[in-house]
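Next comes query.cif, with mmCIF, C-alpha atoms.
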```cif
data_coords
loop_
_atom_site.label_atom_id
_atom_site.label_comp_id
_atom_site.auth_asym_id
_atom_site.auth_seq_id
_atom_site.Cartn_x
_atom_site.Cartn_y
_atom_site.Cartn_z
CA MET L 160 -30.06 7.43 -4.33
CA GLU L 161 -27.15 8.56 -2.25
CA ILE L 162 -25.03 5.67 -3.37
CA ASN L 163 -25.80 6.19 -7.06
CA PHE L 164 -24.26 9.62 -6.77
CA TRP L 165 -20.91 7.88 -6.15
CA THR L 166 -20.05 6.71 -9.64
CA ASP L 167 -16.99 4.60 -10.40
CA THR L 168 -15.17 7.61 -11.75
CA LEU L 169 -15.92 9.70 -8.70
CA LEU L 170 -14.68 6.98 -6.35
CA ILE L 171 -11.47 6.60 -8.35
CA VAL L 172 -10.88 10.36 -8.44
CA VAL L 173 -11.53 10.65 -4.70
CA THR L 174 -9.13 7.77 -3.97
CA VAL L 175 -6.37 9.39 -6.02
CA LEU L 176 -6.99 12.81 -4.46
CA VAL L 177 -6.98 11.45 -0.91
CA PHE L 178 -3.72 9.63 -1.62
CA LEU L 179 -2.06 12.73 -3.13
CA MET L 180 -3.24 14.78 -0.18
CA ALA L 181 -1.82 12.25 2.28
CA LYS L 182 1.47 12.27 0.36
CA LYS L 183 1.66 16.05 0.48
CA LEU L 184 0.89 15.98 4.20
CA GLN L 185 3.81 13.65 4.82
CA GLN L 186 6.12 15.85 2.77
CA ILE L 187 5.14 18.90 4.79
CA THR L 188 5.33 17.28 8.22
CA GLY L 189 8.23 14.92 7.46
CA LEU L 190 6.66 12.27 9.71
CA LEU L 191 7.37 8.68 8.64
CA LEU L 192 4.37 7.45 10.60
CA LEU L 193 2.11 9.56 8.41
CA ASN L 194 2.63 7.04 5.64
CA PRO L 195 0.47 8.09 2.66
CA ILE L 196 -0.85 4.58 2.02
CA LEU L 197 -1.87 4.09 5.63
CA ALA L 198 -3.37 7.58 5.92
CA ALA L 199 -5.26 7.22 2.62
CA MET L 200 -6.54 3.78 3.65
CA LEU L 201 -7.85 5.02 6.98
CA LEU L 202 -9.44 8.13 5.50
CA ILE L 203 -11.20 6.18 2.77
CA MET L 204 -12.37 3.53 5.25
CA ALA L 205 -13.80 6.25 7.46
CA GLY L 206 -15.43 7.94 4.47
CA LEU L 207 -17.08 4.74 3.22
CA TRP L 208 -18.34 3.96 6.69
CA TYR L 209 -19.70 7.47 7.15
CA LEU L 210 -21.42 7.52 3.76
CA HIS L 211 -22.77 3.96 4.10
CA ILE L 212 -21.07 2.85 0.89
CA PRO L 213 -20.52 -0.92 1.10
CA PHE L 214 -16.94 -2.06 0.60
CA THR L 215 -17.89 -4.42 -2.23
CA ARG L 216 -19.35 -1.48 -4.13
CA TYR L 217 -16.19 0.58 -3.62
CA HIS L 218 -13.98 -2.32 -4.55
CA GLN L 219 -15.86 -2.91 -7.79
CA SER L 220 -15.41 0.73 -8.73
CA VAL L 221 -11.69 0.94 -8.13
CA GLN L 222 -10.77 -2.40 -9.70
CA VAL L 223 -8.96 -0.60 -12.51
CA MET L 224 -6.54 0.84 -9.95
CA GLU L 225 -5.89 -2.53 -8.45
CA TRP L 226 -5.19 -3.97 -11.87
CA LEU L 227 -2.50 -1.30 -12.36
CA LEU L 228 -0.51 -3.07 -9.63
CA LYS L 229 0.40 -5.77 -12.13
CA PRO L 230 2.17 -3.57 -14.70
CA ALA L 231 3.71 -1.64 -11.78
CA VAL L 232 5.27 -4.84 -10.43
CA VAL L 233 6.54 -5.62 -13.94
CA ALA L 234 8.15 -2.17 -13.95
CA LEU L 235 10.38 -3.29 -11.06
CA GLY L 236 12.35 -5.10 -13.76
CA PHE L 237 13.74 -1.68 -14.70
CA PRO L 238 15.56 -0.92 -11.41
CA LEU L 239 16.63 -4.56 -11.35
CA TYR L 240 18.32 -3.93 -14.71
CA LEU L 241 19.85 -0.65 -13.50
CA TYR L 242 21.34 -2.22 -10.35
CA TRP L 243 22.36 -5.48 -11.98
CA GLU L 244 26.08 -4.67 -11.93
CA THR L 245 25.96 -3.95 -8.19
CA ILE L 246 24.19 -7.26 -7.61
CA ARG L 247 26.55 -9.24 -9.85
CA LYS L 248 29.68 -7.92 -8.15
CA GLN L 249 28.62 -9.27 -4.78
CA ALA L 250 26.12 -11.85 -5.83
CA LEU L 251 27.01 -14.56 -3.33
CA PRO L 252 26.78 -12.65 -0.03
CA MET L 253 23.69 -10.82 -1.28
CA LEU L 254 21.77 -13.82 -2.51
CA VAL L 255 22.68 -16.04 0.44
CA SER L 256 21.74 -13.43 3.02
CA LEU L 257 18.52 -12.43 1.27
CA LEU L 258 17.52 -16.07 0.86
CA ALA L 259 18.33 -16.78 4.51
CA GLY L 260 16.22 -13.80 5.52
CA SER L 261 13.27 -14.80 3.31
CA LEU L 262 13.30 -18.38 4.62
CA VAL L 263 13.56 -17.29 8.24
CA GLY L 264 10.71 -14.85 7.63
CA LEU L 265 8.41 -17.48 6.15
CA PHE L 266 9.16 -20.17 8.74
CA SER L 267 9.09 -17.90 11.76
CA VAL L 268 5.85 -16.12 10.95
CA VAL L 269 4.05 -19.39 10.25
CA VAL L 270 5.35 -21.12 13.39
CA LEU L 271 4.64 -18.09 15.58
CA ALA L 272 1.16 -17.63 14.14
CA LYS L 273 0.44 -21.32 14.68
CA VAL L 274 1.73 -21.24 18.27
CA LEU L 275 -0.37 -18.14 18.95
CA GLY L 276 -3.41 -20.02 17.73
CA LEU L 277 -4.27 -18.10 14.54
CA PRO L 278 -6.63 -19.79 12.06
CA LYS L 279 -5.16 -21.16 8.82
CA VAL L 280 -6.51 -18.43 6.56
CA LEU L 281 -4.78 -15.79 8.70
CA ILE L 282 -1.51 -17.77 8.74
CA LEU L 283 -1.57 -17.90 4.94
CA SER L 284 -2.23 -14.16 4.83
CA LEU L 285 0.71 -13.37 7.11
CA ALA L 286 3.22 -15.55 5.26
CA PRO L 287 4.28 -12.91 2.70
CA LYS L 288 4.48 -10.07 5.24
CA SER L 289 8.02 -8.97 4.38
CA VAL L 290 7.32 -8.59 0.69
CA THR L 291 6.17 -5.35 -0.84
CA SER L 292 2.37 -5.08 -0.53
CA ALA L 293 1.88 -5.32 -4.27
CA ILE L 294 3.40 -8.77 -4.28
CA ALA L 295 2.06 -9.75 -0.86
CA ILE L 296 -1.39 -9.35 -2.41
CA GLU L 297 -0.54 -11.67 -5.29
CA VAL L 298 1.28 -14.22 -3.13
CA SER L 299 -1.46 -14.45 -0.50
CA ARG L 300 -4.09 -14.78 -3.22
CA MET L 301 -2.05 -17.60 -4.71
CA LEU L 302 -1.72 -19.30 -1.30
CA GLY L 303 -5.37 -18.94 -0.36
CA GLY L 304 -4.98 -16.19 2.23
CA ILE L 305 -6.74 -12.82 2.43
CA PRO L 306 -5.00 -10.38 0.05
CA SER L 307 -6.23 -7.28 1.90
CA LEU L 308 -4.90 -8.49 5.22
CA ALA L 309 -1.59 -9.40 3.60
CA ALA L 310 -1.35 -5.87 2.20
CA GLY L 311 -2.24 -4.31 5.54
CA ILE L 312 0.31 -6.37 7.48
CA ALA L 313 2.98 -5.66 4.88
CA ILE L 314 2.33 -1.93 5.29
CA LEU L 315 2.55 -2.23 9.07
CA VAL L 316 5.81 -4.18 8.91
CA GLY L 317 7.11 -1.65 6.41
CA LEU L 318 6.35 1.26 8.74
CA PHE L 319 7.96 -0.54 11.65
CA GLY L 320 11.06 -1.13 9.55
CA ALA L 321 11.21 2.47 8.38
CA VAL L 322 11.02 3.84 11.91
CA PHE L 323 12.96 1.26 13.95
CA GLY L 324 14.91 -0.73 11.33
CA TYR L 325 18.25 1.09 11.44
CA PRO L 326 18.37 1.45 15.25
CA ILE L 327 17.52 -2.27 15.65
CA LEU L 328 20.28 -3.32 13.25
CA GLN L 329 22.74 -1.09 15.08
CA PHE L 330 21.67 -2.61 18.38
CA PHE L 331 22.24 -6.18 17.13
CA GLY L 332 25.71 -5.36 15.84
CA VAL L 333 24.97 -5.11 12.12
CA LYS L 334 27.19 -2.08 11.52
CA ASN L 335 28.12 -2.47 7.85
CA PRO L 336 26.03 0.14 5.95
CA ILE L 337 25.62 -2.14 2.91
CA SER L 338 24.31 -4.99 5.08
CA GLN L 339 22.00 -2.55 6.86
CA ALA L 340 20.41 -1.12 3.71
CA LEU L 341 20.04 -4.55 2.14
CA SER L 342 18.26 -6.07 5.10
CA ILE L 343 15.99 -3.05 5.50
CA GLY L 344 14.80 -3.67 1.93
CA ASN L 345 14.47 -7.39 2.59
CA ALA L 346 12.50 -7.05 5.83
CA SER L 347 10.44 -3.94 5.22
CA HIS L 348 10.25 -3.54 1.43
CA GLY L 349 9.18 -0.25 -0.18
CA ILE L 350 8.33 1.69 2.97
CA GLY L 351 11.65 0.77 4.60
CA THR L 352 13.33 1.63 1.32
CA SER L 353 11.86 5.12 1.37
CA ARG L 354 13.69 5.64 4.67
CA SER L 355 16.92 4.42 3.07
CA VAL L 356 16.45 6.83 0.19
CA GLU L 357 16.32 9.63 2.74
CA ILE L 358 19.68 8.55 4.16
CA GLY L 359 21.30 8.47 0.76
CA GLN L 360 21.06 7.37 -2.85
CA ARG L 361 23.34 4.37 -2.34
CA PHE L 362 21.32 3.18 0.64
CA GLY L 363 18.16 3.53 -1.42
CA ALA L 364 19.61 1.48 -4.26
CA LEU L 365 20.72 -1.31 -1.93
CA SER L 366 17.35 -1.44 -0.18
CA THR L 367 15.69 -1.58 -3.58
CA ILE L 368 17.85 -4.57 -4.46
CA GLY L 369 16.81 -6.23 -1.20
CA LEU L 370 13.16 -5.50 -1.91
CA ILE L 371 13.18 -6.83 -5.48
CA VAL L 372 15.24 -9.94 -4.78
CA ASN L 373 13.05 -10.73 -1.78
CA ALA L 374 9.93 -10.31 -3.89
CA VAL L 375 11.22 -12.80 -6.44
CA LEU L 376 12.56 -15.27 -3.85
CA THR L 377 9.49 -15.19 -1.63
CA SER L 378 7.03 -15.64 -4.46
CA LEU L 379 9.10 -18.55 -5.78
CA ILE L 380 9.70 -20.36 -2.51
CA ALA L 381 6.56 -19.52 -0.52
CA PRO L 382 4.29 -22.11 -2.19
CA TRP L 383 6.90 -24.87 -1.70
CA VAL L 384 7.79 -23.98 1.87
CA LEU L 385 4.14 -23.63 2.89
CA GLY L 386 3.27 -26.83 1.02
CA LEU L 387 5.95 -28.63 3.03
CA MET L 388 4.69 -27.16 6.28
CA ILE L 389 1.16 -28.26 5.46
CA THR L 390 2.39 -31.82 4.81
CA TRP L 391 4.23 -31.74 8.13
CA GLY L 392 1.01 -30.65 9.76
CA TRP L 393 2.46 -27.30 10.91
CA ILE L 394 -0.37 -25.28 9.42
CA MET T 101 4.15 6.66 -24.07
CA PHE T 102 1.44 4.44 -25.50
CA VAL T 103 3.97 2.10 -27.09
CA GLN T 104 5.91 2.06 -23.80
CA ILE T 105 2.80 0.87 -22.01
CA LEU T 106 2.37 -1.89 -24.55
CA LEU T 107 5.97 -3.01 -24.06
CA VAL T 108 5.35 -3.41 -20.33
CA LEU T 109 2.02 -5.14 -20.92
CA PHE T 110 3.66 -7.55 -23.34
CA CYS T 111 5.95 -8.76 -20.51
CA LEU T 112 2.95 -9.17 -18.23
CA LEU T 113 1.14 -11.07 -20.95
CA LEU T 114 4.06 -13.47 -21.32
CA GLY T 115 4.00 -14.03 -17.56
CA GLU T 116 0.27 -14.71 -17.58
CA GLY T 117 0.60 -16.98 -20.59
CA ILE T 118 3.23 -19.09 -18.83
CA VAL T 119 1.28 -19.31 -15.59
CA TYR T 120 -1.95 -20.29 -17.34
CA THR T 121 -0.40 -22.87 -19.66
CA THR T 122 1.93 -24.52 -17.12
CA GLY T 123 -0.04 -23.88 -13.95
CA ILE T 124 3.12 -23.04 -11.96
CA LYS T 125 2.59 -21.20 -8.71
CA VAL T 126 4.25 -17.85 -9.36
CA PRO T 127 2.50 -14.49 -9.61
CA PRO T 128 2.35 -13.61 -13.34
CA SER T 129 3.56 -10.09 -12.60
CA ILE T 130 6.80 -11.45 -11.08
CA LEU T 131 7.47 -13.43 -14.25
CA GLY T 132 6.65 -10.28 -16.22
CA MET T 133 9.22 -8.40 -14.15
CA LEU T 134 11.85 -11.01 -14.97
CA PHE T 135 10.95 -10.83 -18.66
CA LEU T 136 11.31 -7.05 -18.64
CA PHE T 137 14.70 -7.39 -16.98
CA LEU T 138 15.74 -10.05 -19.51
CA PHE T 139 14.61 -8.03 -22.54
CA LEU T 140 16.53 -4.99 -21.27
CA LYS T 141 19.59 -7.07 -20.50
CA VAL T 142 19.67 -8.86 -23.85
CA GLY T 143 18.95 -5.60 -25.67
CA ILE T 144 15.56 -6.49 -27.17
CA TYR T 145 14.22 -3.47 -25.28
CA LYS T 146 16.20 -0.24 -25.11
CA GLU T 147 16.54 1.52 -21.76
CA SER T 148 15.04 4.71 -23.22
CA TRP T 149 11.90 2.86 -24.34
CA ILE T 150 11.06 1.78 -20.80
CA LYS T 151 12.51 4.51 -18.58
CA GLU T 152 9.57 6.93 -18.49
CA ILE T 153 6.77 4.41 -18.08
CA ALA T 154 8.71 2.41 -15.47
CA GLU T 155 9.44 5.50 -13.42
CA LEU T 156 5.82 6.61 -13.63
CA LEU T 157 4.42 3.23 -12.60
CA LEU T 158 6.89 2.88 -9.74
CA LYS T 159 6.22 6.40 -8.51
CA TYR T 160 2.53 5.61 -8.13
CA LEU T 161 2.86 1.96 -7.09
CA PRO T 162 1.81 2.73 -3.50
CA LEU T 163 -1.40 4.33 -4.76
CA PHE T 164 -2.39 1.12 -6.55
CA PHE T 165 -2.57 -0.91 -3.40
CA VAL T 166 -4.74 1.52 -1.48
CA PRO T 167 -7.93 -0.29 -2.70
CA ALA T 168 -6.69 -3.65 -1.42
CA GLY T 169 -5.67 -2.00 1.83
CA VAL T 170 -9.13 -0.55 2.27
CA GLY T 171 -10.37 -4.14 1.87
CA ILE T 172 -9.20 -4.81 5.41
CA MET T 173 -12.53 -3.26 6.35
CA ALA T 174 -14.29 -6.45 5.36
CA TYR T 175 -12.18 -8.48 7.81
CA LEU T 176 -12.15 -6.19 10.83
CA GLY T 177 -14.04 -8.75 12.91
CA LYS T 178 -11.57 -11.54 12.18
CA ILE T 179 -8.64 -9.22 12.82
CA ALA T 180 -10.09 -7.86 16.08
CA GLN T 181 -10.44 -11.42 17.38
CA ASN T 182 -6.82 -12.23 16.62
CA TRP T 183 -5.06 -8.88 16.78
CA PHE T 184 -2.53 -9.93 19.41
CA GLY T 185 -1.43 -13.03 17.49
CA ILE T 186 -1.25 -11.14 14.20
CA LEU T 187 0.86 -8.31 15.62
CA THR T 188 3.17 -10.51 17.69
CA ALA T 189 3.85 -13.02 14.92
CA SER T 190 4.45 -10.30 12.31
CA LEU T 191 6.71 -8.13 14.41
CA ILE T 192 8.89 -10.91 15.86
CA SER T 193 9.24 -12.47 12.43
CA PHE T 194 10.11 -9.06 10.97
CA LEU T 195 12.82 -8.65 13.59
CA LEU T 196 14.27 -12.07 12.69
CA VAL T 197 14.31 -11.29 8.95
CA LEU T 198 16.02 -7.99 9.56
CA VAL T 199 18.74 -9.29 11.85
CA VAL T 200 19.36 -12.59 10.02
CA THR T 201 19.70 -10.87 6.63
CA GLY T 202 21.96 -8.12 7.92
CA TRP T 203 24.08 -10.40 10.05
CA THR T 204 24.53 -13.06 7.33
CA HIS T 205 25.49 -10.44 4.78
CA GLN T 206 27.96 -8.78 7.11
CA VAL T 207 29.65 -12.07 8.01
CA LEU T 208 29.86 -13.28 4.39
CA ARG T 209 31.24 -9.94 3.23
CA ASN T 210 33.92 -9.91 5.89
CA LEU T 211 34.84 -13.50 5.02
CA GLY T 212 35.11 -12.56 1.34
CA LYS T 213 37.31 -9.59 2.14
CA ARG T 214 39.62 -11.63 4.33
CA LYS T 215 40.02 -14.17 1.55
CA THR T 216 40.97 -11.59 -1.07
CA ARG T 217 43.43 -10.02 1.34
CA HIS T 218 45.11 -13.40 1.90
CA GLY T 219 45.10 -13.98 -1.84
CA ASN T 220 47.08 -10.80 -2.34
#
```

In structure tokens, how does this file's structure come out?
Amino acid sequence: MEINFWTDTLLIVVTVLVFLMAKKLQQITGLLLLNPILAAMLLIMAGLWYLHIPFTRYHQSVQVMEWLLKPAVVALGFPLYLYWETIRKQALPMLVSLLAGSLVGLFSVVVLAKVLGLPKVLILSLAPKSVTSAIAIEVSRMLGGIPSLAAGIAILVGLFGAVFGYPILQFFGVKNPISQALSIGNASHGIGTSRSVEIGQRFGALSTIGLIVNAVLTSLIAPWVLGLMITWGWI
Amino acid sequence: MFVQILLVLFCLLLGEGIVYTTGIKVPPSILGMLFLFLFLKVGIYKESWIKEIAELLLKYLPLFFVPAGVGIMAYLGKIAQNWFGILTASLISFLLVLVVTGWTHQVLRNLGKRKTRHGN
């Protein structure tokens, strides 16, 4: 009875409202750690647990929202088009550094996870951690990992990048602002990019470039790199 | 707006079509993104046709992965067992991506600049 009261529509409306509320809360407080996705996730999890609504039931209801991720990822083609001239002008340093970063990210997370004794399904879920959650979900699904975990880890890494990214880069001697913004986008995708946008429009644009190029590179190379590592017996 | 949505969906459809017919391992939405870029670049799509819908979708992109994020609930046991490994591997690897990308870009840029200066 209680569960029937929660129709698909109601669950969708509640999800959207909780998210908008969380977004507003971050705007008011200005706290990066109050990331709307994270806050909305936790609130909804708590709500489902409290109301005894099984996750599978919730998931079924909000499938439409998850499907919207696909056209939203396609829409990234628009900023890619807008920033194309910036990319073309310095294509070589950008592509080489972003590719180097993506490869290092894939290899290091797999090797570390293996050394730390994580099971295969978790390793495959962690592999796309630097990509924006939308694509991490798709990539981990493609690789045979757990999409939800991939999304969660990507959000965590994003938050870490937004809060500590610029100070870390400064500490390791990456002082060029273009290099900084680019690698923030590469390492911590959309959430890191939102921090860059706060610093300035140009920083935001460069982080966006890092985020999009990384998304394309990682989804193209991840299956091959992981396939190789499986043949080598690393996973 | 309705036509704009269809234009975006057409790109996605092309991506899905390619993935299903060839079986290549790429997310269909990434191919769709590249198609959208290509159509804009070549001029098959006009910027004004896509602008509004793209901005709307991107503005709410974070909302669309809340459901998947909530899905972590189903794996809390597995995560609790391995939380240390998951956090350590992710954060160290994140640090490496950040520094390697930034450092490589900075070095290559400086090299490029030096070259052009010599050229002059």

If the PyMOL selection byres ((chain T and resi 187) around 12) is run on the structure shown, which residues does it catch, given as a PyMOL selection string? (chain L and resi 268+271-272+275+277+281-282+285+288+308+311-313+315-316+319) or (chain T and resi 179-186+188-194)

Can you spit out the residues from that selection as a CSV table (one decimal), in the coordinates of the input, using C-alpha atoms?
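Printed below is out08.csv as written:
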```csv
chain,number,residue,atom,x,y,z
L,268,VAL,CA,5.8,-16.1,11.0
L,271,LEU,CA,4.6,-18.1,15.6
L,272,ALA,CA,1.2,-17.6,14.1
L,275,LEU,CA,-0.4,-18.1,19.0
L,277,LEU,CA,-4.3,-18.1,14.5
L,281,LEU,CA,-4.8,-15.8,8.7
L,282,ILE,CA,-1.5,-17.8,8.7
L,285,LEU,CA,0.7,-13.4,7.1
L,288,LYS,CA,4.5,-10.1,5.2
L,308,LEU,CA,-4.9,-8.5,5.2
L,311,GLY,CA,-2.2,-4.3,5.5
L,312,ILE,CA,0.3,-6.4,7.5
L,313,ALA,CA,3.0,-5.7,4.9
L,315,LEU,CA,2.6,-2.2,9.1
L,316,VAL,CA,5.8,-4.2,8.9
L,319,PHE,CA,8.0,-0.5,11.6
T,179,ILE,CA,-8.6,-9.2,12.8
T,180,ALA,CA,-10.1,-7.9,16.1
T,181,GLN,CA,-10.4,-11.4,17.4
T,182,ASN,CA,-6.8,-12.2,16.6
T,183,TRP,CA,-5.1,-8.9,16.8
T,184,PHE,CA,-2.5,-9.9,19.4
T,185,GLY,CA,-1.4,-13.0,17.5
T,186,ILE,CA,-1.2,-11.1,14.2
T,188,THR,CA,3.2,-10.5,17.7
T,189,ALA,CA,3.8,-13.0,14.9
T,190,SER,CA,4.4,-10.3,12.3
T,191,LEU,CA,6.7,-8.1,14.4
T,192,ILE,CA,8.9,-10.9,15.9
T,193,SER,CA,9.2,-12.5,12.4
T,194,PHE,CA,10.1,-9.1,11.0
```

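Here the question is which of T:Met173, T:Val199, T:Leu208, T:Cys111 gets nearest to Leu140 in chain T using only C-alpha atoms, and that residue is T:Cys111.
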
Could you state which residues are captured by the PyMOL selection byres ((chain T and resi 150-160) around 10) in this file, as JSON, numbers by chain? {"L": [175, 178, 179, 227, 228, 229, 230, 231, 232, 233, 234, 235, 236, 237, 238], "T": [101, 102, 103, 104, 105, 107, 108, 136, 140, 145, 146, 147, 148, 149, 161, 162, 163, 164, 165]}

re CA of Val384 in chain L and CA of Ser129 in chain T: distance 20.5 Å

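Reported to one decimal place, the separation of CA of Val375 in chain L from CA of Leu114 in chain T is 16.5 Å.
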
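A straight line drawn from CA of Gly115 in chain T to CA of Thr377 in chain L is 16.9 Å long.
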
Identify the residues around (-5.9, 11.6, -2.4) within a radius of 10 Å, measuring from all atoms listed in the file in the coordinates stated by the file, and give them as a PDB file with C-alpha atoms, in the frame of the given file.
```
ATOM      1  CA  ILE L 171     -11.470   6.600  -8.350  1.00  0.00           C
ATOM      2  CA  VAL L 172     -10.880  10.360  -8.440  1.00  0.00           C
ATOM      3  CA  VAL L 173     -11.530  10.650  -4.700  1.00  0.00           C
ATOM      4  CA  THR L 174      -9.130   7.770  -3.970  1.00  0.00           C
ATOM      5  CA  VAL L 175      -6.370   9.390  -6.020  1.00  0.00           C
ATOM      6  CA  LEU L 176      -6.990  12.810  -4.460  1.00  0.00           C
ATOM      7  CA  VAL L 177      -6.980  11.450  -0.910  1.00  0.00           C
ATOM      8  CA  PHE L 178      -3.720   9.630  -1.620  1.00  0.00           C
ATOM      9  CA  LEU L 179      -2.060  12.730  -3.130  1.00  0.00           C
ATOM     10  CA  MET L 180      -3.240  14.780  -0.180  1.00  0.00           C
ATOM     11  CA  ALA L 181      -1.820  12.250   2.280  1.00  0.00           C
ATOM     12  CA  LYS L 182       1.470  12.270   0.360  1.00  0.00           C
ATOM     13  CA  LYS L 183       1.660  16.050   0.480  1.00  0.00           C
ATOM     14  CA  PRO L 195       0.470   8.090   2.660  1.00  0.00           C
ATOM     15  CA  ILE L 196      -0.850   4.580   2.020  1.00  0.00           C
ATOM     16  CA  ALA L 198      -3.370   7.580   5.920  1.00  0.00           C
ATOM     17  CA  ALA L 199      -5.260   7.220   2.620  1.00  0.00           C
ATOM     18  CA  MET L 200      -6.540   3.780   3.650  1.00  0.00           C
ATOM     19  CA  LEU L 202      -9.440   8.130   5.500  1.00  0.00           C
ATOM     20  CA  ILE L 203     -11.200   6.180   2.770  1.00  0.00           C
TER      21      ILE L 203
ATOM     22  CA  LEU T 163      -1.400   4.330  -4.760  1.00  0.00           C
TER      23      LEU T 163
END
```

What's around Tyr217 in chain L at 12 Å? Count all atoms listed in the file, leave out sequence neighbours fewer than 2 positions away in its own chain, and write the answer as a PyMOL selection string. (chain L and resi 162-163+165-171+173-174+203-204+206-208+210-215+219-225) or (chain T and resi 166-168+170-171+173-174)

Can you report as AutoDock Vina command-line options the centre and edge lengths in Å, to one decimal, of an axis-aligned box around the listed atoms of range 130-140 of chain T padded with 4 Å on each side?
```
--center_x 11.6 --center_y -9.2 --center_z -16.8 --size_x 17.9 --size_y 16.4 --size_z 19.5
```

Given the choices T:Val142, T:Asn210, T:Tyr175, T:Phe137, which gets closest to chain L if the distance is worked out from all atoms listed in the file? T:Phe137

10 Å contact set for Leu254 in chain L, all atoms listed in the file, chain neighbours under 2 positions out, as a ChimeraX atom specification: /L:246-247,249-252,256-260,369,372-373,376 /T:201,205

Filtering to C-alpha atoms, could you give me those residues as an mmCIF file, in the coordinates of the input?
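out.cif, written as the output of this step:
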```cif
data_model
loop_
_atom_site.group_PDB
_atom_site.id
_atom_site.type_symbol
_atom_site.label_atom_id
_atom_site.label_comp_id
_atom_site.auth_asym_id
_atom_site.auth_seq_id
_atom_site.Cartn_x
_atom_site.Cartn_y
_atom_site.Cartn_z
ATOM 1 C CA ILE L 246 24.190 -7.260 -7.610
ATOM 2 C CA ARG L 247 26.550 -9.240 -9.850
ATOM 3 C CA GLN L 249 28.620 -9.270 -4.780
ATOM 4 C CA ALA L 250 26.120 -11.850 -5.830
ATOM 5 C CA LEU L 251 27.010 -14.560 -3.330
ATOM 6 C CA PRO L 252 26.780 -12.650 -0.030
ATOM 7 C CA SER L 256 21.740 -13.430 3.020
ATOM 8 C CA LEU L 257 18.520 -12.430 1.270
ATOM 9 C CA LEU L 258 17.520 -16.070 0.860
ATOM 10 C CA ALA L 259 18.330 -16.780 4.510
ATOM 11 C CA GLY L 260 16.220 -13.800 5.520
ATOM 12 C CA GLY L 369 16.810 -6.230 -1.200
ATOM 13 C CA VAL L 372 15.240 -9.940 -4.780
ATOM 14 C CA ASN L 373 13.050 -10.730 -1.780
ATOM 15 C CA LEU L 376 12.560 -15.270 -3.850
ATOM 16 C CA THR T 201 19.700 -10.870 6.630
ATOM 17 C CA HIS T 205 25.490 -10.440 4.780
#
```

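Once the PyMOL selection byres ((chain T and resi 125) around 10) is applied to the depicted file, the selected set reads Val298, Met301, Leu302, Ser378, Leu379, Ile380, Ala381, Pro382 and Trp383 of chain L; Val119, Tyr120, Thr122, Gly123, Ile124, Val126, Pro127 and Pro128 of chain T.
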
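The residue that comes closest to Thr291 in chain L, out of L:Val322, L:Met388, L:Ala374, L:Ile358 and on the basis of all atoms listed in the file, is L:Ala374.
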
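When all atoms listed in the file are used to measure the gap to chain L, the shortest distance among T:Lys213, T:Thr121, T:Val207, T:Gly202 belongs to T:Gly202.
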
What would range 177-188 of chain T look like with N, CA and C atoms restored, written as a PDB file, keeping the file's coordinate frame?
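Result file follows (selection37.pdb):
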```
ATOM      1  N   GLY T 177     -13.619  -7.848  11.848  1.00  0.00           N
ATOM      2  CA  GLY T 177     -14.040  -8.750  12.910  1.00  0.00           C
ATOM      3  C   GLY T 177     -13.001  -9.828  13.169  1.00  0.00           C
ATOM      4  N   LYS T 178     -12.569 -10.470  12.099  1.00  0.00           N
ATOM      5  CA  LYS T 178     -11.570 -11.540  12.180  1.00  0.00           C
ATOM      6  C   LYS T 178     -10.265 -11.005  12.762  1.00  0.00           C
ATOM      7  N   ILE T 179      -9.893  -9.793  12.344  1.00  0.00           N
ATOM      8  CA  ILE T 179      -8.640  -9.220  12.820  1.00  0.00           C
ATOM      9  C   ILE T 179      -8.756  -8.853  14.302  1.00  0.00           C
ATOM     10  N   ALA T 180      -9.893  -8.265  14.690  1.00  0.00           N
ATOM     11  CA  ALA T 180     -10.090  -7.860  16.080  1.00  0.00           C
ATOM     12  C   ALA T 180      -9.965  -9.065  17.018  1.00  0.00           C
ATOM     13  N   GLN T 181     -10.514 -10.200  16.569  1.00  0.00           N
ATOM     14  CA  GLN T 181     -10.440 -11.420  17.380  1.00  0.00           C
ATOM     15  C   GLN T 181      -9.015 -11.897  17.592  1.00  0.00           C
ATOM     16  N   ASN T 182      -8.159 -11.653  16.594  1.00  0.00           N
ATOM     17  CA  ASN T 182      -6.820 -12.230  16.620  1.00  0.00           C
ATOM     18  C   ASN T 182      -5.712 -11.189  16.599  1.00  0.00           C
ATOM     19  N   TRP T 183      -6.031  -9.965  16.988  1.00  0.00           N
ATOM     20  CA  TRP T 183      -5.060  -8.880  16.780  1.00  0.00           C
ATOM     21  C   TRP T 183      -3.729  -9.148  17.476  1.00  0.00           C
ATOM     22  N   PHE T 184      -3.779  -9.729  18.671  1.00  0.00           N
ATOM     23  CA  PHE T 184      -2.530  -9.930  19.410  1.00  0.00           C
ATOM     24  C   PHE T 184      -1.624 -10.915  18.671  1.00  0.00           C
ATOM     25  N   GLY T 185      -2.211 -12.024  18.226  1.00  0.00           N
ATOM     26  CA  GLY T 185      -1.430 -13.030  17.490  1.00  0.00           C
ATOM     27  C   GLY T 185      -0.862 -12.460  16.206  1.00  0.00           C
ATOM     28  N   ILE T 186      -1.679 -11.709  15.477  1.00  0.00           N
ATOM     29  CA  ILE T 186      -1.250 -11.140  14.200  1.00  0.00           C
ATOM     30  C   ILE T 186      -0.064 -10.203  14.413  1.00  0.00           C
ATOM     31  N   LEU T 187      -0.201  -9.290  15.381  1.00  0.00           N
ATOM     32  CA  LEU T 187       0.860  -8.310  15.620  1.00  0.00           C
ATOM     33  C   LEU T 187       2.138  -8.978  16.125  1.00  0.00           C
ATOM     34  N   THR T 188       1.993  -9.881  17.112  1.00  0.00           N
ATOM     35  CA  THR T 188       3.170 -10.510  17.690  1.00  0.00           C
ATOM     36  C   THR T 188       3.926 -11.322  16.641  1.00  0.00           C
TER      37      THR T 188
END
```
